[in-house]
Structure formats: C-alpha cells, structure tokens
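Okay, coords30.cif is below, mmCIF, C-alpha atoms, pLDDT in the B column; chains and numbers go by the auth columns:
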```
data_upload
#
loop_
_atom_site.group_PDB
_atom_site.id
_atom_site.type_symbol
_atom_site.label_atom_id
_atom_site.label_comp_id
_atom_site.label_asym_id
_atom_site.label_seq_id
_atom_site.Cartn_x
_atom_site.Cartn_y
_atom_site.Cartn_z
_atom_site.B_iso_or_equiv
_atom_site.auth_seq_id
_atom_site.auth_asym_id
ATOM 1 C CA MET A 1 16.124 -3.549 -13.819 80.00 1066 A
ATOM 2 C CA THR A 2 16.377 -1.442 -10.686 95.00 1067 A
ATOM 3 C CA VAL A 3 13.316 -0.651 -8.582 97.00 1068 A
ATOM 4 C CA THR A 4 13.652 2.479 -6.454 98.00 1069 A
ATOM 5 C CA ILE A 5 11.312 3.049 -3.515 98.00 1070 A
ATOM 6 C CA ARG A 6 10.768 6.524 -2.087 98.00 1071 A
ATOM 7 C CA GLU A 7 8.210 8.692 -0.373 98.00 1072 A
ATOM 8 C CA ALA A 8 5.566 9.977 -2.740 98.00 1073 A
ATOM 9 C CA SER A 9 5.879 13.605 -3.770 98.00 1074 A
ATOM 10 C CA PRO A 10 3.307 16.099 -5.071 97.00 1075 A
ATOM 11 C CA GLU A 11 4.832 15.684 -8.550 98.00 1076 A
ATOM 12 C CA ASP A 12 3.578 12.067 -8.559 98.00 1077 A
ATOM 13 C CA GLU A 13 -0.079 13.057 -8.536 98.00 1078 A
ATOM 14 C CA LYS A 14 -0.920 12.500 -12.224 98.00 1079 A
ATOM 15 C CA ARG A 15 0.742 9.094 -12.336 98.00 1080 A
ATOM 16 C CA TRP A 16 -0.698 8.062 -8.967 98.00 1081 A
ATOM 17 C CA ARG A 17 -4.193 8.894 -10.199 98.00 1082 A
ATOM 18 C CA GLU A 18 -3.639 6.686 -13.248 98.00 1083 A
ATOM 19 C CA LEU A 19 -2.517 3.817 -11.028 98.00 1084 A
ATOM 20 C CA TRP A 20 -5.301 4.483 -8.501 98.00 1085 A
ATOM 21 C CA THR A 21 -7.891 4.283 -11.286 98.00 1086 A
ATOM 22 C CA ALA A 22 -6.432 0.952 -12.437 97.00 1087 A
ATOM 23 C CA TYR A 23 -6.382 -0.287 -8.818 96.00 1088 A
ATOM 24 C CA LEU A 24 -10.062 0.536 -8.324 97.00 1089 A
ATOM 25 C CA ALA A 25 -10.912 -1.104 -11.656 96.00 1090 A
ATOM 26 C CA PHE A 26 -9.059 -4.241 -10.568 93.00 1091 A
ATOM 27 C CA TYR A 27 -11.255 -4.464 -7.472 93.00 1092 A
ATOM 28 C CA GLU A 28 -14.333 -3.465 -9.494 94.00 1093 A
ATOM 29 C CA VAL A 29 -15.181 -0.592 -7.167 95.00 1094 A
ATOM 30 C CA THR A 30 -16.070 3.024 -7.683 96.00 1095 A
ATOM 31 C CA VAL A 31 -14.866 5.710 -5.327 96.00 1096 A
ATOM 32 C CA ASP A 32 -16.230 9.237 -5.493 97.00 1097 A
ATOM 33 C CA ALA A 33 -13.790 11.788 -6.885 97.00 1098 A
ATOM 34 C CA ASP A 34 -13.806 13.719 -3.604 98.00 1099 A
ATOM 35 C CA ILE A 35 -12.608 10.596 -1.765 97.00 1100 A
ATOM 36 C CA THR A 36 -9.771 10.124 -4.246 98.00 1101 A
ATOM 37 C CA ASP A 37 -8.886 13.803 -3.797 98.00 1102 A
ATOM 38 C CA ALA A 38 -8.959 13.446 -0.013 98.00 1103 A
ATOM 39 C CA THR A 39 -6.802 10.304 -0.124 98.00 1104 A
ATOM 40 C CA TRP A 40 -4.176 12.177 -2.144 98.00 1105 A
ATOM 41 C CA ARG A 41 -4.245 15.182 0.208 98.00 1106 A
ATOM 42 C CA ARG A 42 -4.070 13.040 3.351 98.00 1107 A
ATOM 43 C CA ALA A 43 -0.940 11.276 2.115 98.00 1108 A
ATOM 44 C CA PHE A 44 0.844 14.647 2.407 98.00 1109 A
ATOM 45 C CA ASP A 45 -0.893 16.037 5.487 98.00 1110 A
ATOM 46 C CA PRO A 46 1.390 15.801 8.554 96.00 1111 A
ATOM 47 C CA ALA A 47 -1.714 15.547 10.755 97.00 1112 A
ATOM 48 C CA SER A 48 -2.927 12.444 8.898 97.00 1113 A
ATOM 49 C CA ALA A 49 -1.854 8.893 9.755 96.00 1114 A
ATOM 50 C CA ILE A 50 -1.895 8.009 6.037 98.00 1115 A
ATOM 51 C CA ALA A 51 1.355 8.001 4.091 98.00 1116 A
ATOM 52 C CA MET A 52 2.477 6.771 0.688 98.00 1117 A
ATOM 53 C CA ARG A 53 5.543 5.156 -0.824 98.00 1118 A
ATOM 54 C CA VAL A 54 6.042 4.776 -4.561 98.00 1119 A
ATOM 55 C CA ALA A 55 8.113 2.414 -6.676 98.00 1120 A
ATOM 56 C CA GLU A 56 9.971 3.696 -9.712 98.00 1121 A
ATOM 57 C CA ILE A 57 11.569 1.920 -12.624 97.00 1122 A
ATOM 58 C CA ALA A 58 13.739 4.116 -14.849 96.00 1123 A
ATOM 59 C CA GLY A 59 12.223 7.230 -13.260 96.00 1124 A
ATOM 60 C CA ARG A 60 8.587 6.227 -13.864 98.00 1125 A
ATOM 61 C CA VAL A 61 6.263 5.439 -10.947 98.00 1126 A
ATOM 62 C CA MET A 62 5.083 1.860 -11.438 98.00 1127 A
ATOM 63 C CA GLY A 63 3.476 1.135 -8.077 98.00 1128 A
ATOM 64 C CA PHE A 64 2.414 2.560 -4.745 98.00 1129 A
ATOM 65 C CA ALA A 65 1.738 1.554 -1.166 98.00 1130 A
ATOM 66 C CA LEU A 66 -0.669 3.542 1.001 98.00 1131 A
ATOM 67 C CA TYR A 67 -0.340 2.765 4.680 98.00 1132 A
ATOM 68 C CA LEU A 68 -1.191 4.155 8.072 97.00 1133 A
ATOM 69 C CA THR A 69 0.020 3.675 11.600 96.00 1134 A
ATOM 70 C CA HIS A 70 -2.063 3.476 14.724 96.00 1135 A
ATOM 71 C CA GLU A 71 -1.956 2.529 18.360 95.00 1136 A
ATOM 72 C CA ALA A 72 -3.138 -0.913 19.356 94.00 1137 A
ATOM 73 C CA THR A 73 -4.345 -2.613 22.509 95.00 1138 A
ATOM 74 C CA TRP A 74 -2.149 -5.726 22.521 93.00 1139 A
ATOM 75 C CA ILE A 75 1.225 -4.094 21.882 94.00 1140 A
ATOM 76 C CA ARG A 76 3.261 -1.206 23.308 94.00 1141 A
ATOM 77 C CA THR A 77 4.087 0.646 20.103 95.00 1142 A
ATOM 78 C CA ASN A 78 2.250 1.560 16.927 96.00 1143 A
ATOM 79 C CA GLU A 79 1.508 -0.910 14.202 96.00 1144 A
ATOM 80 C CA CYS A 80 1.359 -0.346 10.470 97.00 1145 A
ATOM 81 C CA TYR A 81 -1.622 -1.193 8.300 97.00 1146 A
ATOM 82 C CA LEU A 82 -0.918 -1.542 4.590 97.00 1147 A
ATOM 83 C CA GLU A 83 -4.235 -0.438 3.147 97.00 1148 A
ATOM 84 C CA ASP A 84 -3.475 -0.315 -0.561 97.00 1149 A
ATOM 85 C CA LEU A 85 -0.663 -1.753 -2.665 97.00 1150 A
ATOM 86 C CA PHE A 86 -0.802 -1.696 -6.445 97.00 1151 A
ATOM 87 C CA VAL A 87 1.655 -2.379 -9.246 97.00 1152 A
ATOM 88 C CA ASP A 88 1.123 -1.362 -12.854 97.00 1153 A
ATOM 89 C CA PRO A 89 0.282 -4.571 -14.753 95.00 1154 A
ATOM 90 C CA ALA A 90 3.105 -3.746 -17.193 95.00 1155 A
ATOM 91 C CA ALA A 91 5.592 -4.000 -14.307 96.00 1156 A
ATOM 92 C CA ARG A 92 4.295 -7.146 -12.631 93.00 1157 A
ATOM 93 C CA GLY A 93 6.828 -9.900 -12.185 91.00 1158 A
ATOM 94 C CA GLN A 94 9.683 -7.382 -12.046 94.00 1159 A
ATOM 95 C CA GLY A 95 9.970 -7.201 -8.255 96.00 1160 A
ATOM 96 C CA VAL A 96 7.986 -3.994 -7.745 98.00 1161 A
ATOM 97 C CA GLY A 97 5.498 -5.452 -5.257 97.00 1162 A
ATOM 98 C CA ARG A 98 8.277 -7.214 -3.350 97.00 1163 A
ATOM 99 C CA ALA A 99 10.323 -3.994 -3.270 98.00 1164 A
ATOM 100 C CA LEU A 100 7.359 -2.086 -1.829 98.00 1165 A
ATOM 101 C CA MET A 101 6.797 -4.787 0.801 97.00 1166 A
ATOM 102 C CA ASP A 102 10.498 -4.961 1.717 98.00 1167 A
ATOM 103 C CA ASP A 103 10.581 -1.180 2.015 98.00 1168 A
ATOM 104 C CA LEU A 104 7.591 -1.132 4.333 98.00 1169 A
ATOM 105 C CA ILE A 105 9.091 -3.890 6.480 97.00 1170 A
ATOM 106 C CA ALA A 106 12.339 -1.928 6.753 98.00 1171 A
ATOM 107 C CA LEU A 107 10.392 1.244 7.582 98.00 1172 A
ATOM 108 C CA CYS A 108 8.493 -0.582 10.343 97.00 1173 A
ATOM 109 C CA LYS A 109 11.738 -1.808 11.852 97.00 1174 A
ATOM 110 C CA THR A 110 13.384 1.620 11.611 97.00 1175 A
ATOM 111 C CA LYS A 111 10.389 3.384 13.192 97.00 1176 A
ATOM 112 C CA GLY A 112 9.959 0.748 15.899 96.00 1177 A
ATOM 113 C CA TRP A 113 6.451 -0.217 14.821 97.00 1178 A
ATOM 114 C CA ALA A 114 5.554 -3.599 16.282 96.00 1179 A
ATOM 115 C CA ARG A 115 3.641 -5.118 13.379 95.00 1180 A
ATOM 116 C CA LEU A 116 2.763 -4.781 9.733 97.00 1181 A
ATOM 117 C CA TYR A 117 -0.566 -6.196 8.625 95.00 1182 A
ATOM 118 C CA TRP A 118 -2.830 -6.132 5.596 94.00 1183 A
ATOM 119 C CA HIS A 119 -5.638 -7.983 3.905 91.00 1184 A
ATOM 120 C CA THR A 120 -6.478 -8.791 0.308 90.00 1185 A
ATOM 121 C CA SER A 121 -9.227 -10.430 -1.651 88.00 1186 A
ATOM 122 C CA GLU A 122 -9.081 -14.200 -1.557 87.00 1187 A
ATOM 123 C CA ARG A 123 -9.371 -14.119 -5.380 88.00 1188 A
ATOM 124 C CA ASN A 124 -6.246 -11.942 -5.713 88.00 1189 A
ATOM 125 C CA LYS A 125 -3.971 -14.904 -6.395 89.00 1190 A
ATOM 126 C CA ILE A 126 -1.008 -12.880 -7.687 88.00 1191 A
ATOM 127 C CA ALA A 127 -0.819 -10.688 -4.593 91.00 1192 A
ATOM 128 C CA ARG A 128 -1.469 -13.648 -2.333 89.00 1193 A
ATOM 129 C CA ALA A 129 1.507 -15.493 -3.802 90.00 1194 A
ATOM 130 C CA LEU A 130 3.691 -12.515 -2.892 91.00 1195 A
ATOM 131 C CA TYR A 131 2.186 -12.128 0.578 92.00 1196 A
ATOM 132 C CA ASP A 132 2.415 -15.866 1.305 90.00 1197 A
ATOM 133 C CA SER A 133 6.155 -15.661 0.633 93.00 1198 A
ATOM 134 C CA TYR A 134 6.428 -13.386 3.693 94.00 1199 A
ATOM 135 C CA VAL A 135 4.068 -14.986 6.171 93.00 1200 A
ATOM 136 C CA GLU A 136 1.210 -17.465 6.338 89.00 1201 A
ATOM 137 C CA SER A 137 -2.276 -16.125 6.897 87.00 1202 A
ATOM 138 C CA ASP A 138 -2.961 -15.771 10.602 87.00 1203 A
ATOM 139 C CA GLY A 139 -6.413 -17.269 10.136 85.00 1204 A
ATOM 140 C CA HIS A 140 -8.343 -14.127 10.989 85.00 1205 A
ATOM 141 C CA ILE A 141 -11.408 -13.310 8.957 81.00 1206 A
ATOM 142 C CA ARG A 142 -12.357 -9.719 8.291 83.00 1207 A
ATOM 143 C CA TYR A 143 -15.865 -8.450 9.017 86.00 1208 A
ATOM 144 C CA ARG A 144 -17.092 -5.088 7.844 84.00 1209 A
ATOM 145 C CA ILE A 145 -20.285 -3.131 8.420 88.00 1210 A
ATOM 146 C CA SER A 146 -20.699 -0.165 6.098 83.00 1211 A
ATOM 147 C CA PHE A 147 -22.812 2.835 7.025 91.00 1212 A
#
```
Hey, can you dump this file as structure tokens for me?
Amino acid sequence: MTVTIREASPEDEKRWRELWTAYLAFYEVTVDADITDATWRRAFDPASAIAMRVAEIAGRVMGFALYLTHEATWIRTNECYLEDLFVDPAARGQGVGRALMDDLIALCKTKGWARLYWHTSERNKIARALYDSYVESDGHIRYRISF
C-alpha cells in the first residue's frame, strides 16, 4: 500500500473536516465551528504561518498534519511546530503517521528550518510509540494558561 503525502488543497475540505471531527473526539474536546472554519482558511492563507500536509492512500485522504513555522530565540533560522497530526483509525498501522512525520522532517531540511517539535498527550500511547521511534522526549513539560 502506497502512502502519498502532498500539500492540502481546497478540494480536501470535506474529508479534512471528517478527520478533524474525529481528531477532536479523540482528544475529547469541542472547538467552536468558527475556529474550525478559521483553521481551514488559515492553512491556505499565504499570510498565515499555518500550513497543512495530507496523506492519501489510493486517492483518499487518510491523515493530516497541521504545522506552523516561527522564529526562535536560541537558533538562527525558523523552527517548525507540528500542532496537529491525525490518522484515520481505519488506516492506522499502515505507515500513514510515519509518512507524515518523514515528510515534515524532509520539508524542514529542505526549507532550512532548524528544528521540528511537537507535544502529545501522555495517554496517547499509539502516537508516542511513533514519536519515540524518532527521538526521546527532551524532558520539557508544557504549561498552559488559557484566557
């Protein structure tokens, strides 16, 4: 089975929304519809730092990665933050998540971005097994204040 990774296109919207809904359900969160709409729009807005890659199997989108780049204070070039990665449960174990990660790593190297980083829930054992195959946790703990 071949996994193809490409930039998301406007034609992917319906399928992305299905996957996005499943992603939010997995994390047991609710996001207002206007935020979902804005996330989709930003992924195609050249002025936005957010971008999206999708994974296809046999022409059907089975996963996505939403990421953004930004400047940082400890490095000379931009770094890439992988904010969201999700694979359709029906496609898990078929290399979709790994293909999305490999693609992002290659993109970082091509663009000259200094680092790729992400975080995930400590209870997300499936994703953590994939992520641990790339790099050990750096020991940082995330803190978040919501307003």
For this session: Kindly resolve the PyMOL selection byres ((chain A and resi 1113) around 12) on the present coordinates and return the residues as a list in words.
Result: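 Evaluating the PyMOL selection byres ((chain A and resi 1113) around 12) on this file yields Ala1103, Thr1104, Trp1105, Arg1106, Arg1107, Ala1108, Phe1109, Asp1110, Pro1111, Ala1112, Ala1114, Ile1115, Ala1116, Met1117, Tyr1132, Leu1133, Thr1134 and His1135 of chain A.
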Residues as selected, C-alpha atoms, written as an mmCIF file, in the frame of the given file, can you do that?
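Final output, selection07.cif:
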```cif
data_model
loop_
_atom_site.group_PDB
_atom_site.id
_atom_site.type_symbol
_atom_site.label_atom_id
_atom_site.label_comp_id
_atom_site.auth_asym_id
_atom_site.auth_seq_id
_atom_site.Cartn_x
_atom_site.Cartn_y
_atom_site.Cartn_z
ATOM 1 C CA ALA A 1103 -8.959 13.446 -0.013
ATOM 2 C CA THR A 1104 -6.802 10.304 -0.124
ATOM 3 C CA TRP A 1105 -4.176 12.177 -2.144
ATOM 4 C CA ARG A 1106 -4.245 15.182 0.208
ATOM 5 C CA ARG A 1107 -4.070 13.040 3.351
ATOM 6 C CA ALA A 1108 -0.940 11.276 2.115
ATOM 7 C CA PHE A 1109 0.844 14.647 2.407
ATOM 8 C CA ASP A 1110 -0.893 16.037 5.487
ATOM 9 C CA PRO A 1111 1.390 15.801 8.554
ATOM 10 C CA ALA A 1112 -1.714 15.547 10.755
ATOM 11 C CA ALA A 1114 -1.854 8.893 9.755
ATOM 12 C CA ILE A 1115 -1.895 8.009 6.037
ATOM 13 C CA ALA A 1116 1.355 8.001 4.091
ATOM 14 C CA MET A 1117 2.477 6.771 0.688
ATOM 15 C CA TYR A 1132 -0.340 2.765 4.680
ATOM 16 C CA LEU A 1133 -1.191 4.155 8.072
ATOM 17 C CA THR A 1134 0.020 3.675 11.600
ATOM 18 C CA HIS A 1135 -2.063 3.476 14.724
#
```
Exercise. Residues picked by the PyMOL selection byres ((chain A and resi 1127) around 7) here, as a list in words?
Worked result: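 Output from the PyMOL selection byres ((chain A and resi 1127) around 7), applied to this file: Ala1120, Glu1121, Ile1122, Arg1125, Val1126, Gly1128, Val1152, Asp1153 and Ala1156 of chain A.
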For this session: Using all atoms listed in the file, find the one residue out of A:Ile1210, A:Ile1100, A:Cys1145, A:Ala1130 that sits nearest to Lys1174 in chain A.
Result: A:Cys1145
For this session: For the file shown, report as a PyMOL selection string the outcome of the PyMOL selection byres ((chain A and resi 1180) around 7) at residue level.
Result: chain A and resi 1144-1145+1178-1179+1181-1182
Exercise. Just how far from CA of Asp1203 in chain A is CA of Arg1118 in chain A, in Å to one decimal?
Worked result: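 Between CA of Arg1118 in chain A and CA of Asp1203 in chain A the gap is 25.3 Å.
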Exercise. How many Å lie between CA of Val1096 in chain A and CA of Leu1150 in chain A, rounded to one decimal?
Worked result: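 It comes out at 16.3 Å.
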Problem set entry | d(CA of Val1094 in chain A, CA of Trp1183 in chain A) in Å |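 Computed distance, CA of Val1094 in chain A to CA of Trp1183 in chain A, equals 18.6 Å.
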Exercise. Gly1177 in chain A: which residues within 9 Å, counting only C-alpha atoms, same-chain residues fewer than 4 positions away excluded, as a list of chain:residue names?
Worked result: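 Final neighbour list, sorted by chain and number: A:Thr1142, A:Asn1143, A:Glu1144, A:Leu1172, A:Cys1173.
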If you take every atom of range 1162-1181 of chain A that the file lists and fit an axis-aligned box around them with 5 Å extra on each side, what centre and edge lengths come out in Å to one decimal, as JSON?
```
{"center_x": 8.1, "center_y": -1.9, "center_z": 5.5, "size_x": 20.6, "size_y": 20.6, "size_z": 31.5}
```
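Residues lying within 8 Å of range 1081-1083 of chain A, counting only C-alpha atoms and ignoring same-chain neighbours fewer than 4 positions away, are Asp1077, Ala1087, Val1126 and Phe1129 of chain A.
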For this session: For each of A:Gly1158, A:Asp1149, A:Arg1207, A:Gly1124, take the minimum atom-to-atom distance to Arg1071 in chain A, counting only C-alpha atoms, then give the residue where this is smallest.
Result: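 Closest to Arg1071 in chain A of all the choices is A:Gly1124.
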Give one line per residue of range 1084-1104 of chain A that approaches range 1185-1188 of chain A to at most 12 Å, naming the two atoms of the closest pair and their distance in Å to one decimal, counting all atoms listed in the file; sort by chain then ascending residue number and deliver it as a Markdown table.
```
| residue | atom | partner | partner_atom | distance |
| --- | --- | --- | --- | --- |
| A:Phe1091 | CA | A:Ser1186 | CA | 10.9 |
| A:Tyr1092 | CA | A:Ser1186 | CA | 8.6 |
| A:Glu1093 | CA | A:Ser1186 | CA | 11.7 |
```
Exercise. Which polymer residues have any atom within 12 Å of an atom of Ser1198 in chain A, counting all atoms listed in the file, with same-chain residues fewer than 5 positions away left out, as a ChimeraX atom specification?
Worked result: /A:1162-1163,1166-1167,1191-1193
For this session: Would you mind telling me which residue in A:Thr1067, A:Ile1140, A:Lys1079, A:Tyr1146 lies nearest to Ile1170 in chain A when using all atoms listed in the file?
Result: A:Tyr1146
For this session: Name the residues in contact with Thr1095 in chain A at a cut-off of 10 Å, using all atoms listed in the file, excluding same-chain residues fewer than 5 positions from it; report them as a ChimeraX atom specification.
Result: /A:1086,1089-1090
